[in-house]
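Quick look at start_3.txt (compact mmCIF, C-alpha atoms and all ligand atoms):
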```
# COMPACT_ATOMS: atom_id res chain seq x y z
CA MET A 1 22.81 3.03 -168.62
CA SER A 2 19.74 5.06 -167.91
CA LYS A 3 17.25 3.63 -165.49
CA PRO A 4 13.74 4.73 -164.57
CA PRO A 5 13.51 6.36 -161.14
CA ASN A 6 13.06 3.94 -158.24
CA ARG A 7 9.56 5.15 -157.57
CA PHE A 8 8.53 3.66 -160.88
CA TRP A 9 9.51 0.26 -159.59
CA ASP A 10 7.99 0.64 -156.16
CA GLU A 11 4.63 1.50 -157.63
CA ASP A 12 4.89 -1.05 -160.33
CA GLU A 13 5.60 -3.99 -158.06
CA ASN A 14 2.12 -3.70 -156.58
CA SER A 15 0.28 -2.68 -159.67
CA GLU A 16 -2.10 -4.36 -162.08
CA THR A 17 0.86 -5.58 -164.08
CA PHE A 18 1.80 -7.88 -161.26
CA GLU A 19 -1.77 -9.16 -160.90
CA LYS A 20 -1.98 -9.66 -164.61
CA PHE A 21 1.13 -11.80 -164.56
CA THR A 22 -0.09 -13.81 -161.59
CA LYS A 23 -3.40 -14.54 -163.31
CA ILE A 24 -1.68 -15.53 -166.51
CA ARG A 25 0.65 -17.82 -164.63
CA LYS A 26 -2.30 -19.61 -163.01
CA ARG A 27 -4.15 -19.99 -166.27
CA GLU A 28 -1.15 -21.33 -168.13
CA LYS A 29 -0.30 -23.88 -165.48
CA GLY A 30 -0.16 -27.45 -166.74
CA LYS A 31 -0.53 -26.55 -170.39
CA SER A 32 2.00 -28.15 -172.65
CA ARG A 33 2.93 -26.14 -175.66
CA ALA A 34 5.01 -26.80 -178.69
CA THR A 35 6.29 -23.57 -180.17
CA ASP A 36 8.99 -22.30 -182.49
CA LEU A 37 11.94 -23.34 -180.36
CA ALA A 38 10.02 -26.52 -179.46
CA GLY A 39 8.83 -24.82 -176.29
CA ARG A 40 12.35 -24.75 -174.91
CA PHE A 41 13.58 -21.76 -173.00
CA GLU A 42 17.18 -22.88 -172.86
CA VAL A 43 18.53 -23.01 -176.40
CA PRO A 44 22.22 -23.11 -177.41
CA GLU A 45 23.37 -20.02 -179.26
CA SER A 46 24.31 -22.12 -182.27
CA GLU A 47 20.57 -22.67 -182.79
CA TRP A 48 19.61 -19.01 -182.52
CA ASP A 49 18.09 -17.84 -185.75
CA ILE A 50 18.66 -14.09 -186.02
CA GLN A 51 17.33 -12.95 -189.38
CA GLU A 52 18.07 -9.48 -190.56
CA GLY A 53 15.09 -7.16 -190.39
CA SER A 54 13.24 -9.43 -187.93
CA GLY A 55 14.13 -7.17 -185.02
CA ILE A 56 15.28 -10.20 -183.05
CA PHE A 57 18.58 -9.61 -181.27
CA ALA A 58 21.11 -11.18 -178.93
CA ALA A 59 21.55 -9.47 -175.59
CA ARG A 60 23.12 -9.66 -172.17
CA VAL A 61 21.10 -9.46 -168.97
CA VAL A 62 22.55 -6.52 -167.05
CA GLU A 63 20.18 -6.20 -164.10
CA VAL A 64 17.36 -8.34 -162.69
CA HIS A 65 14.39 -7.07 -160.73
CA LYS A 66 11.47 -9.03 -159.35
CA ARG A 67 9.41 -9.15 -162.50
CA TYR A 68 11.58 -7.50 -165.09
CA ALA A 69 15.13 -7.47 -166.26
CA PHE A 70 17.25 -4.97 -168.11
CA VAL A 71 19.13 -6.30 -171.08
CA SER A 72 21.72 -4.68 -173.34
CA ALA A 73 22.15 -5.61 -176.96
CA GLU A 74 25.24 -7.73 -177.57
CA PRO A 75 25.37 -8.60 -181.28
CA VAL A 76 28.97 -9.78 -181.03
CA PRO A 77 29.58 -11.94 -177.95
CA GLY A 78 31.83 -10.05 -175.56
CA THR A 79 30.86 -6.60 -176.83
CA VAL A 80 27.90 -5.38 -174.82
CA LYS A 81 26.28 -2.20 -176.13
CA THR A 82 25.57 -0.79 -172.71
CA ASN A 83 23.87 2.30 -174.12
CA ASP A 84 21.27 0.10 -175.87
CA VAL A 85 19.16 -0.91 -172.87
CA TRP A 86 15.79 -2.67 -173.03
CA LEU A 87 13.25 -3.58 -170.41
CA ALA A 88 12.71 -7.32 -170.81
CA THR A 89 10.01 -9.70 -169.64
CA ILE A 90 9.56 -13.44 -170.05
CA PRO A 91 6.85 -14.59 -172.50
CA ARG A 92 3.80 -16.22 -170.95
CA ARG A 93 4.50 -19.61 -172.38
CA HIS A 94 7.75 -19.91 -170.42
CA LEU A 95 6.40 -18.73 -167.10
CA THR A 96 5.36 -22.20 -165.90
CA ALA A 97 8.73 -23.84 -166.48
CA ARG A 98 11.87 -23.67 -164.37
CA ARG A 99 10.09 -23.22 -161.07
CA GLU A 100 12.95 -24.90 -159.28
CA GLN A 101 14.69 -21.59 -159.79
CA ARG A 102 13.71 -18.27 -158.33
CA ASN A 103 14.20 -16.28 -161.49
CA PHE A 104 14.19 -17.09 -165.14
CA VAL A 105 17.22 -15.07 -166.00
CA CYS A 106 20.13 -13.73 -164.00
CA VAL A 107 22.77 -11.08 -164.54
CA GLY A 108 25.30 -12.30 -167.08
CA ASP A 109 22.87 -14.45 -169.05
CA ARG A 110 23.07 -14.37 -172.84
CA VAL A 111 19.52 -14.10 -174.18
CA LEU A 112 17.67 -13.96 -177.48
CA CYS A 113 15.13 -11.13 -177.50
CA ARG A 114 12.22 -9.96 -179.60
CA PRO A 115 10.80 -6.41 -179.41
CA ALA A 116 7.45 -6.36 -177.57
CA ARG A 117 4.26 -5.76 -179.56
CA GLU A 118 1.88 -3.02 -178.46
CA ASP A 119 -0.31 -5.53 -176.56
CA GLU A 120 2.70 -7.04 -174.82
CA LEU A 121 4.01 -3.91 -173.13
CA ALA A 122 4.57 -4.66 -169.47
CA SER A 123 4.70 -1.13 -168.14
CA THR A 124 4.85 2.49 -169.09
CA SER A 125 8.62 2.61 -169.10
CA GLU A 126 10.44 5.04 -171.34
CA LEU A 127 12.79 2.25 -172.31
CA PRO A 128 12.08 0.09 -175.33
CA GLN A 129 10.63 -3.26 -174.29
CA CYS A 130 11.33 -6.79 -175.40
CA LEU A 131 10.58 -10.42 -174.59
CA VAL A 132 13.19 -13.02 -173.79
CA GLU A 133 12.61 -15.83 -176.27
CA ALA A 134 15.58 -17.99 -175.36
CA LEU A 135 18.39 -18.34 -172.86
CA ALA A 136 21.83 -19.66 -173.78
CA PRO A 137 23.03 -22.47 -171.50
CA ARG A 138 25.10 -20.99 -168.68
CA ARG A 139 28.84 -21.65 -168.85
CA THR A 140 29.32 -20.90 -165.18
CA ARG A 141 26.98 -19.88 -162.41
CA LEU A 142 27.02 -18.55 -158.87
CA ALA A 143 23.95 -19.58 -156.94
CA ARG A 144 22.50 -19.69 -153.47
CA LEU A 145 19.38 -21.15 -151.94
CA ASP A 146 16.46 -18.77 -152.13
CA PRO A 147 16.13 -17.43 -148.58
CA MET A 148 12.34 -17.20 -149.02
CA THR A 149 11.79 -20.64 -150.53
CA PRO A 150 14.68 -22.90 -149.53
CA GLU A 151 13.83 -25.65 -152.01
CA ARG A 152 14.46 -23.25 -154.85
CA GLU A 153 17.80 -21.96 -155.95
CA HIS A 154 18.59 -18.38 -156.72
CA VAL A 155 21.20 -17.99 -159.44
CA LEU A 156 22.91 -14.67 -158.75
CA CYS A 157 24.99 -14.42 -161.89
CA SER A 158 26.23 -16.49 -164.77
CA ASN A 159 28.90 -16.80 -167.43
CA VAL A 160 31.61 -15.08 -165.43
CA ASP A 161 35.24 -15.86 -166.25
CA GLN A 162 36.61 -14.79 -162.91
CA LEU A 163 35.52 -14.42 -159.31
CA ALA A 164 37.11 -11.57 -157.41
CA VAL A 165 37.03 -12.50 -153.74
CA VAL A 166 37.02 -9.17 -151.98
CA VAL A 167 37.78 -8.86 -148.28
CA SER A 168 39.13 -6.06 -146.13
CA PHE A 169 41.98 -6.56 -143.68
CA LEU A 170 40.03 -4.77 -140.99
CA SER A 171 36.57 -3.28 -140.54
CA PRO A 172 35.22 -5.75 -141.29
CA LEU A 173 37.97 -8.12 -140.17
CA VAL A 174 39.25 -10.55 -142.78
CA LYS A 175 37.95 -14.12 -142.38
CA TRP A 176 40.42 -16.45 -144.02
CA GLY A 177 37.96 -19.32 -143.85
CA LEU A 178 35.62 -17.20 -145.94
CA VAL A 179 38.34 -16.59 -148.52
CA ASP A 180 38.88 -20.36 -148.72
CA ARG A 181 35.18 -20.97 -149.24
CA TYR A 182 35.05 -18.51 -152.09
CA LEU A 183 38.11 -20.17 -153.60
CA VAL A 184 36.36 -23.53 -153.38
CA LEU A 185 33.31 -22.04 -155.03
CA ALA A 186 35.43 -20.70 -157.88
CA GLU A 187 37.38 -23.94 -158.29
CA SER A 188 34.16 -25.89 -158.22
CA GLU A 189 32.69 -23.80 -161.04
CA GLY A 190 35.89 -23.68 -163.05
CA ILE A 191 36.15 -19.92 -162.59
CA ARG A 192 39.53 -18.24 -162.08
CA PRO A 193 39.65 -16.66 -158.61
CA LEU A 194 41.34 -13.37 -157.80
CA ILE A 195 41.91 -12.44 -154.17
CA ILE A 196 41.57 -8.76 -153.34
CA LEU A 197 42.52 -7.60 -149.87
CA ASN A 198 41.40 -4.03 -149.32
CA LYS A 199 41.99 -1.40 -146.61
CA ARG A 200 45.75 -1.93 -146.60
CA ASP A 201 45.97 1.31 -144.61
CA LEU A 202 44.51 -0.46 -141.58
CA LEU A 203 47.12 -3.25 -141.51
CA ASP A 204 49.04 -1.79 -138.59
CA GLU A 205 46.03 -1.01 -136.44
CA VAL A 206 46.50 -4.27 -134.52
CA SER A 207 49.97 -5.43 -133.48
CA GLY A 208 51.19 -8.64 -135.11
CA PHE A 209 48.35 -8.52 -137.58
CA ARG A 210 50.44 -7.57 -140.59
CA ALA A 211 52.84 -10.51 -140.14
CA LYS A 212 49.99 -12.99 -139.92
CA CYS A 213 48.36 -11.56 -143.02
CA GLU A 214 51.60 -11.61 -144.97
CA GLU A 215 52.11 -15.26 -144.13
CA ARG A 216 48.70 -16.17 -145.46
CA ILE A 217 49.10 -14.06 -148.58
CA ALA A 218 52.41 -15.78 -149.28
CA LEU A 219 50.73 -19.17 -149.07
CA TYR A 220 47.90 -18.18 -151.43
CA ARG A 221 50.47 -16.97 -153.92
CA ALA A 222 52.42 -20.20 -153.56
CA LEU A 223 49.20 -22.07 -154.33
CA GLY A 224 49.01 -20.14 -157.59
CA TYR A 225 46.41 -17.51 -156.73
CA ASP A 226 46.77 -13.84 -157.65
CA VAL A 227 46.52 -11.63 -154.60
CA PHE A 228 46.03 -7.88 -154.79
CA THR A 229 46.42 -5.76 -151.67
CA MET A 230 45.07 -2.26 -152.02
CA GLN A 231 43.63 0.86 -150.48
CA ALA A 232 40.72 1.77 -152.69
CA ASN A 233 39.93 5.03 -150.93
CA ALA A 234 43.48 6.42 -151.07
CA LYS A 235 44.01 9.66 -153.01
CA GLY A 236 46.31 8.17 -155.63
CA ALA A 237 44.64 4.76 -155.72
CA VAL A 238 43.94 4.96 -159.45
CA ARG A 239 47.65 5.28 -160.22
CA ASP A 240 48.80 2.64 -157.72
CA PRO A 241 50.77 -0.18 -159.43
CA VAL A 242 48.48 -2.80 -157.83
CA THR A 243 45.43 -1.05 -159.28
CA LYS A 244 47.07 -1.22 -162.69
CA GLN A 245 47.84 -4.92 -162.29
CA LEU A 246 44.24 -5.55 -161.30
CA ALA A 247 42.99 -3.52 -164.28
CA ALA A 248 45.08 -5.74 -166.54
CA ALA A 249 43.63 -8.86 -164.91
CA LEU A 250 40.06 -7.61 -165.47
CA LYS A 251 40.57 -6.61 -169.09
CA GLY A 252 38.75 -8.74 -171.66
CA LYS A 253 37.00 -10.76 -168.95
CA ILE A 254 33.73 -10.85 -167.05
CA THR A 255 34.51 -10.78 -163.35
CA ALA A 256 32.07 -11.18 -160.47
CA PHE A 257 32.97 -9.18 -157.36
CA SER A 258 31.94 -10.97 -154.20
CA GLY A 259 32.48 -10.24 -150.56
CA HIS A 260 30.83 -8.90 -147.44
CA SER A 261 29.14 -5.59 -147.31
CA GLY A 262 31.50 -2.75 -146.49
CA VAL A 263 34.75 -4.34 -147.66
CA GLY A 264 35.03 -1.87 -150.51
CA LYS A 265 33.82 -3.71 -153.61
CA SER A 266 32.16 -0.64 -155.11
CA SER A 267 35.09 1.59 -154.15
CA ILE A 268 37.41 -0.76 -156.02
CA VAL A 269 35.18 -1.07 -159.09
CA ASN A 270 34.92 2.72 -159.23
CA LEU A 271 38.70 2.90 -159.75
CA PHE A 272 38.27 1.31 -163.17
CA LYS A 273 36.05 4.03 -164.62
CA PRO A 274 32.81 2.05 -164.76
CA GLU A 275 30.08 3.44 -166.98
CA LEU A 276 27.83 3.63 -163.96
CA VAL A 277 29.48 4.78 -160.74
CA GLN A 278 28.39 2.69 -157.77
CA ALA A 279 27.12 4.21 -154.57
CA VAL A 280 29.59 4.01 -151.72
CA GLU A 281 28.40 4.39 -148.16
CA LEU A 282 30.47 7.21 -146.76
CA ASN A 283 31.73 6.27 -143.35
CA ASP A 284 35.39 5.93 -142.68
CA LYS A 285 35.23 5.10 -139.01
CA ILE A 286 37.04 2.00 -137.89
CA GLY A 287 34.59 -0.59 -136.72
CA TYR A 288 32.37 0.15 -139.64
CA LYS A 289 30.01 -2.77 -140.11
CA GLY A 290 28.82 -1.96 -143.56
CA ARG A 291 25.39 -1.45 -144.99
CA HIS A 292 24.03 -2.87 -148.17
CA THR A 293 24.57 -0.02 -150.52
CA THR A 294 24.60 -2.36 -153.50
CA SER A 295 21.27 -4.13 -153.49
CA TYR A 296 21.18 -5.70 -156.95
CA ALA A 297 23.84 -7.47 -158.91
CA SER A 298 24.62 -5.29 -161.87
CA PHE A 299 26.67 -5.71 -164.99
CA LEU A 300 29.13 -2.88 -165.46
CA LYS A 301 31.37 -1.98 -168.33
CA LEU A 302 34.78 -0.78 -167.21
CA GLY A 303 36.48 2.13 -168.93
CA SER A 304 39.75 0.27 -168.45
CA GLY A 305 38.38 -2.78 -170.25
CA GLY A 306 36.33 -5.80 -169.25
CA TYR A 307 33.06 -6.19 -167.40
CA VAL A 308 32.31 -6.52 -163.71
CA ILE A 309 29.30 -7.89 -161.92
CA ASP A 310 29.16 -6.12 -158.57
CA THR A 311 27.10 -8.49 -156.44
CA PRO A 312 25.48 -7.58 -153.16
CA GLY A 313 26.87 -9.41 -150.14
CA VAL A 314 25.12 -12.77 -149.69
CA ARG A 315 25.28 -15.19 -146.79
CA SER A 316 25.74 -18.46 -148.58
CA PHE A 317 26.45 -19.96 -151.95
CA LEU A 318 25.57 -23.34 -153.36
CA LEU A 319 28.26 -25.80 -154.22
CA ARG A 320 27.55 -27.68 -157.39
CA GLU A 321 28.59 -31.01 -155.88
CA ASP A 322 29.62 -31.93 -152.39
CA SER A 323 31.44 -35.26 -152.56
CA PRO A 324 34.76 -35.51 -150.66
CA ILE A 325 36.46 -36.22 -154.00
CA HIS A 326 35.08 -33.06 -155.52
CA LEU A 327 35.97 -31.03 -152.44
CA THR A 328 39.51 -32.42 -152.40
CA HIS A 329 39.87 -31.26 -155.98
CA CYS A 330 38.84 -27.74 -154.95
CA PHE A 331 41.76 -27.47 -152.52
CA VAL A 332 44.65 -27.20 -154.94
CA GLU A 333 47.27 -28.45 -152.48
CA MET A 334 45.28 -31.66 -151.95
CA ARG A 335 44.94 -32.47 -155.63
CA PRO A 336 48.20 -34.45 -155.84
CA PHE A 337 46.76 -36.91 -153.30
CA LEU A 338 43.44 -37.47 -155.05
CA GLY A 339 42.70 -41.18 -155.22
CA LYS A 340 46.07 -42.10 -153.71
CA CYS A 341 45.06 -42.67 -150.09
CA THR A 342 44.60 -46.30 -148.92
CA PHE A 343 40.86 -45.90 -149.21
CA ARG A 344 39.77 -44.65 -152.59
CA GLU A 345 36.82 -42.77 -151.11
CA CYS A 346 39.02 -41.30 -148.35
CA ARG A 347 37.55 -38.19 -146.74
CA HIS A 348 40.94 -37.38 -145.16
CA VAL A 349 39.47 -37.13 -141.66
CA GLU A 350 40.66 -40.15 -139.68
CA GLU A 351 41.18 -42.88 -142.29
CA PRO A 352 44.37 -44.97 -141.96
CA GLY A 353 46.87 -44.56 -144.77
CA CYS A 354 45.66 -41.06 -145.62
CA LEU A 355 48.22 -39.06 -147.56
CA VAL A 356 46.49 -35.75 -146.88
CA LEU A 357 46.76 -36.31 -143.11
CA GLU A 358 50.42 -37.24 -143.59
CA ALA A 359 51.02 -34.03 -145.53
CA LEU A 360 49.29 -32.12 -142.76
CA GLU A 361 51.54 -33.79 -140.14
CA SER A 362 54.68 -32.95 -142.05
CA GLY A 363 53.63 -29.34 -142.57
CA LYS A 364 53.08 -29.60 -146.34
CA ILE A 365 49.47 -28.59 -145.93
CA ALA A 366 48.73 -25.54 -143.79
CA PRO A 367 46.54 -26.38 -140.75
CA TRP A 368 44.25 -23.43 -141.40
CA ARG A 369 43.62 -24.53 -144.97
CA TYR A 370 42.88 -28.04 -143.73
CA LYS A 371 40.50 -26.55 -141.18
CA SER A 372 38.63 -24.84 -144.02
CA TYR A 373 38.44 -28.17 -145.82
CA LEU A 374 37.03 -29.91 -142.72
CA GLY A 375 34.57 -27.11 -142.16
CA LEU A 376 33.17 -27.53 -145.64
CA LEU A 377 33.22 -31.32 -145.54
CA LEU A 378 31.49 -31.72 -142.21
CA GLY A 379 29.49 -28.54 -142.20
CA THR A 380 30.10 -25.73 -139.80
CA THR A 381 26.51 -24.82 -139.21
CA GLY A 382 25.68 -27.53 -136.69
CA ARG A 383 23.70 -29.54 -139.18
CA GLN A 384 24.38 -33.25 -139.49
CA GLY A 385 26.62 -34.53 -142.21
CA ARG A 386 27.95 -32.61 -145.12
CA THR A 387 26.44 -29.32 -146.00
CA ARG A 388 25.41 -28.46 -149.53
CA ASP A 389 25.48 -24.85 -148.63
CA LEU A 390 28.66 -22.87 -148.81
CA GLU A 391 27.94 -20.88 -145.69
CA VAL A 392 29.55 -17.53 -145.42
CA GLU A 393 29.71 -16.30 -141.86
CA GLU A 394 28.92 -12.69 -141.13
CA PRO A 395 31.78 -10.66 -139.70
N1 LIG B 1 40.06 2.62 -144.49
C1 LIG B 1 39.62 2.30 -145.72
N2 LIG B 1 38.32 2.42 -146.03
C2 LIG B 1 37.91 2.08 -147.28
C3 LIG B 1 38.81 1.60 -148.25
N3 LIG B 1 38.11 1.33 -149.37
C4 LIG B 1 36.83 1.64 -149.12
N4 LIG B 1 36.68 2.12 -147.85
C5 LIG B 1 35.45 2.55 -147.19
O1 LIG B 1 34.68 1.39 -146.84
C6 LIG B 1 33.30 1.69 -146.88
C7 LIG B 1 32.54 0.64 -147.73
O2 LIG B 1 32.93 0.72 -149.09
P1 LIG B 1 32.02 0.22 -150.29
O3 LIG B 1 32.83 0.38 -151.52
O4 LIG B 1 30.67 0.84 -150.24
O5 LIG B 1 31.85 -1.31 -149.90
P2 LIG B 1 31.01 -2.46 -150.66
O6 LIG B 1 31.81 -3.69 -150.52
O7 LIG B 1 30.66 -2.03 -152.03
O8 LIG B 1 29.71 -2.58 -149.76
P3 LIG B 1 28.25 -3.12 -150.20
O9 LIG B 1 27.83 -2.39 -151.45
O10 LIG B 1 27.44 -2.76 -149.01
O11 LIG B 1 28.37 -4.61 -150.41
C8 LIG B 1 33.18 3.09 -147.43
O12 LIG B 1 32.99 3.96 -146.34
C9 LIG B 1 34.52 3.34 -148.09
O13 LIG B 1 34.85 4.70 -148.11
C10 LIG B 1 40.21 1.46 -147.88
O14 LIG B 1 41.06 1.01 -148.65
N5 LIG B 1 40.54 1.81 -146.61
MG MG B 2 28.78 -1.84 -153.03
ZN ZN B 3 42.94 -39.35 -147.42
```

Target format structure tokens, applied to this file:
Amino acid sequence: MSKPPNRFWDEDENSETFEKFTKIRKREKGKSRATDLAGRFEVPESEWDIQEGSGIFAARVVEVHKRYAFVSAEPVPGTVKTNDVWLATIPRRHLTARREQRNFVCVGDRVLCRPAREDELASTSELPQCLVEALAPRRTRLARLDPMTPEREHVLCSNVDQLAVVVSFLSPLVKWGLVDRYLVLAESEGIRPLIILNKRDLLDEVSGFRAKCEERIALYRALGYDVFTMQANAKGAVRDPVTKQLAAALKGKITAFSGHSGVGKSSIVNLFKPELVQAVELNDKIGYKGRHTTSYASFLKLGSGGYVIDTPGVRSFLLREDSPIHLTHCFVEMRPFLGKCTFRECRHVEEPGCLVLEALESGKIAPWRYKSYLGLLLGTTGRQGRTRDLEVEEP
């Protein structure tokens, strides 16, 4: 994918284009408009009317910037033509809607686009330009609260089939509670989670560490999760059997890569011959804290098959629902007890006749997994009551 140089964006963000959009937005405020798709922005794909010769095309959002997005044509769902990139903007008539969300589209969205007319060109980009006429309802979504405007949500990516939870054993140190939270997020969205533990080479840096890690990995596997332990920066990493297993798991799917900065997400993605090689901060010192080398979520096509959304590290995600019943469902080992405790609405904290607490007592549920459950139920951030936010602590 070719991309205009960064300077283009820096200048453009402050330019007349931005003012133009702001003015338009003000003017359009409050107007109701009935248009072709009945003024709707979200329209199921079954209603998309793509007539031959009209120029209208289906596309995938591959990168989102403040006021623009890049989209790639995707005539057949699942086959993104990553060399057919357009600079896309949102038509004026849609700009007033959906203000509960920070952006109109996110990486992974399926959109219906129309080439821009001469008077609709948003900038002097070399790329062809188009307008996003409609957005297909999102099958799955990963969202957080907008750090700038907390009442709004920021959807980071959509329509992923899998969530790769990437952590490193050391530097930064693995946080098992964080892994659990990502698993809950995936379960909550109905996305298949993959656990990737990177920097295997550092396992013996701390005595007793390996044994503890192996115990936890064994439990995750027993719970039915796929766990991949790897060393992405090793010389033969591409040929490593684990790399090959992971490549097979990514094939034919869209997978979001999530995890703290510096754990090796980009290094791992680069093993699968992505069309666009990701920048990796070169610093192999132990104690490396990580810097945000990946600043935008981007949609990458893998040479080995499948697509990856390499997301920048974020502090917290939103859980779709936060009832104890829903949360219990997200911990797979607690599912058998759903609705079977004495109290139907049991939170499994101190209620008499609680089967989850019994299972904890008898060692059927691991204490550290239960601790993750409690943390999410009661909130670990000091706020009262349950937290809606899936907080992700910094290492
Ligand atoms: N020791 C060791 N270092 C690794 C391994 N994999 C990657 N690294 C190093 O870890 C650092 C961070 O790697 P990245 O791939 O940039 O991490 P990232 O998760 O993409 O980071 P952000 O883009 O900031 O979110 C780099 O210096 C890599 O060379 C590994 O298996 N072992
Ligand atoms: Mg990265
Ligand atoms: Zn209970």

## Note on the structure
Correct to one decimal, the distance atom CA of Arg369 of chain A-atom CA of Pro150 of chain A is 29.3 Å

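Note that the spacing between atom ZN of ligand ZN 3 (chain B) and atom CA of Cys330 of chain A amounts to 14.4 Å.
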
Can you list every residue of chain A that has an atom at most 10 Å from ligand ZN 3 (chain B), with its nearest atom pair and the distance in Å to one decimal, using all atoms listed in the file, ordered by chain then number, as JSON lines?
```
{"residue": "A:Pro324", "atom": "CA", "partner": "B:ZN3", "partner_atom": "ZN", "distance": 9.6}
{"residue": "A:Ile325", "atom": "CA", "partner": "B:ZN3", "partner_atom": "ZN", "distance": 9.8}
{"residue": "A:Thr328", "atom": "CA", "partner": "B:ZN3", "partner_atom": "ZN", "distance": 9.2}
{"residue": "A:Met334", "atom": "CA", "partner": "B:ZN3", "partner_atom": "ZN", "distance": 9.2}
{"residue": "A:Phe337", "atom": "CA", "partner": "B:ZN3", "partner_atom": "ZN", "distance": 7.4}
{"residue": "A:Leu338", "atom": "CA", "partner": "B:ZN3", "partner_atom": "ZN", "distance": 7.9}
{"residue": "A:Gly339", "atom": "CA", "partner": "B:ZN3", "partner_atom": "ZN", "distance": 8.0}
{"residue": "A:Lys340", "atom": "CA", "partner": "B:ZN3", "partner_atom": "ZN", "distance": 7.5}
{"residue": "A:Cys341", "atom": "CA", "partner": "B:ZN3", "partner_atom": "ZN", "distance": 4.8}
{"residue": "A:Thr342", "atom": "CA", "partner": "B:ZN3", "partner_atom": "ZN", "distance": 7.3}
{"residue": "A:Phe343", "atom": "CA", "partner": "B:ZN3", "partner_atom": "ZN", "distance": 7.1}
{"residue": "A:Arg344", "atom": "CA", "partner": "B:ZN3", "partner_atom": "ZN", "distance": 8.1}
{"residue": "A:Glu345", "atom": "CA", "partner": "B:ZN3", "partner_atom": "ZN", "distance": 7.9}
{"residue": "A:Cys346", "atom": "CA", "partner": "B:ZN3", "partner_atom": "ZN", "distance": 4.5}
{"residue": "A:Arg347", "atom": "CA", "partner": "B:ZN3", "partner_atom": "ZN", "distance": 5.6}
{"residue": "A:His348", "atom": "CA", "partner": "B:ZN3", "partner_atom": "ZN", "distance": 3.6}
{"residue": "A:Val349", "atom": "CA", "partner": "B:ZN3", "partner_atom": "ZN", "distance": 7.1}
{"residue": "A:Glu350", "atom": "CA", "partner": "B:ZN3", "partner_atom": "ZN", "distance": 8.1}
{"residue": "A:Glu351", "atom": "CA", "partner": "B:ZN3", "partner_atom": "ZN", "distance": 6.5}
{"residue": "A:Pro352", "atom": "CA", "partner": "B:ZN3", "partner_atom": "ZN", "distance": 8.0}
{"residue": "A:Gly353", "atom": "CA", "partner": "B:ZN3", "partner_atom": "ZN", "distance": 7.0}
{"residue": "A:Cys354", "atom": "CA", "partner": "B:ZN3", "partner_atom": "ZN", "distance": 3.7}
{"residue": "A:Leu355", "atom": "CA", "partner": "B:ZN3", "partner_atom": "ZN", "distance": 5.3}
{"residue": "A:Val356", "atom": "CA", "partner": "B:ZN3", "partner_atom": "ZN", "distance": 5.1}
{"residue": "A:Leu357", "atom": "CA", "partner": "B:ZN3", "partner_atom": "ZN", "distance": 6.5}
{"residue": "A:Glu358", "atom": "CA", "partner": "B:ZN3", "partner_atom": "ZN", "distance": 8.7}
{"residue": "A:Ala359", "atom": "CA", "partner": "B:ZN3", "partner_atom": "ZN", "distance": 9.9}
```

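Closest to ligand LIG 1 (chain B) among A:Lys301, A:Lys273, A:Arg152, A:His260 is A:His260, based on all atoms listed in the file.
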
#### Entry: Point-to-point distance from atom CA of Asn233 of chain A to atom CA of Arg192 of chain A, Å rounded to tenths
25.8 Å

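The smallest atom-to-atom distance between Glu215 of chain A and any of A:Trp368, A:Ile254, A:Ala58, A:Glu133, using all atoms listed in the file, is found for A:Trp368.
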
### Message
I'd like the neighbourhood of Leu121 of chain A as a ChimeraX atom specification, where a residue qualifies if any of its atoms comes within 10 Å (using all atoms listed in the file), though same-chain residues fewer than 6 positions away should be ignored.
### Response
/A:17,87-89,115,128-131

### Query
Could you pull the residues within 9 Å of segment 103-111 of chain A, counting all atoms listed in the file, minus those fewer than 6 positions along the same chain, as a PyMOL selection string?
chain A and resi 45+57-64+66-67+69-71+74+77+90+94-95+97+132-138+153-160+254+297-299+309

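By chain and then residue number, the residues within 12 Å of Gly305 of chain A are Gly78, Thr79, Val80, Lys244, Leu246, Ala247, Ala248, Ala249, Leu250, Lys251, Gly252, Lys253, Ile254, Thr255, Val269, Leu271, Phe272, Lys273, Pro274, Glu275, Leu300, Lys301, Leu302 and Val308 of chain A, counting all atoms listed in the file and disregarding those fewer than 3 positions away in sequence.
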
Emit the selected residues as a compact mmCIF listing (two decimals), in the frame of the given file, including C-alpha atoms.
```txt
# COMPACT_ATOMS: atom_id res chain seq x y z
CA GLY A 78 31.83 -10.05 -175.56
CA THR A 79 30.86 -6.60 -176.83
CA VAL A 80 27.90 -5.38 -174.82
CA LYS A 244 47.07 -1.22 -162.69
CA LEU A 246 44.24 -5.55 -161.30
CA ALA A 247 42.99 -3.52 -164.28
CA ALA A 248 45.08 -5.74 -166.54
CA ALA A 249 43.63 -8.86 -164.91
CA LEU A 250 40.06 -7.61 -165.47
CA LYS A 251 40.57 -6.61 -169.09
CA GLY A 252 38.75 -8.74 -171.66
CA LYS A 253 37.00 -10.76 -168.95
CA ILE A 254 33.73 -10.85 -167.05
CA THR A 255 34.51 -10.78 -163.35
CA VAL A 269 35.18 -1.07 -159.09
CA LEU A 271 38.70 2.90 -159.75
CA PHE A 272 38.27 1.31 -163.17
CA LYS A 273 36.05 4.03 -164.62
CA PRO A 274 32.81 2.05 -164.76
CA GLU A 275 30.08 3.44 -166.98
CA LEU A 300 29.13 -2.88 -165.46
CA LYS A 301 31.37 -1.98 -168.33
CA LEU A 302 34.78 -0.78 -167.21
CA VAL A 308 32.31 -6.52 -163.71
```

Would you save segment 55-60 of chain A to a file, keeping C-alpha atoms, as a CSV table (one decimal), in the first residue's frame?
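Below you can see decode_7.csv, which holds the result:
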```csv
chain,number,residue,atom,x,y,z
A,55,GLY,CA,-18.2,3.4,-10.2
A,56,ILE,CA,-19.7,2.5,-6.9
A,57,PHE,CA,-17.7,-0.2,-5.1
A,58,ALA,CA,-17.4,-2.2,-1.9
A,59,ALA,CA,-14.3,-1.7,0.2
A,60,ARG,CA,-12.5,-2.4,3.4
```
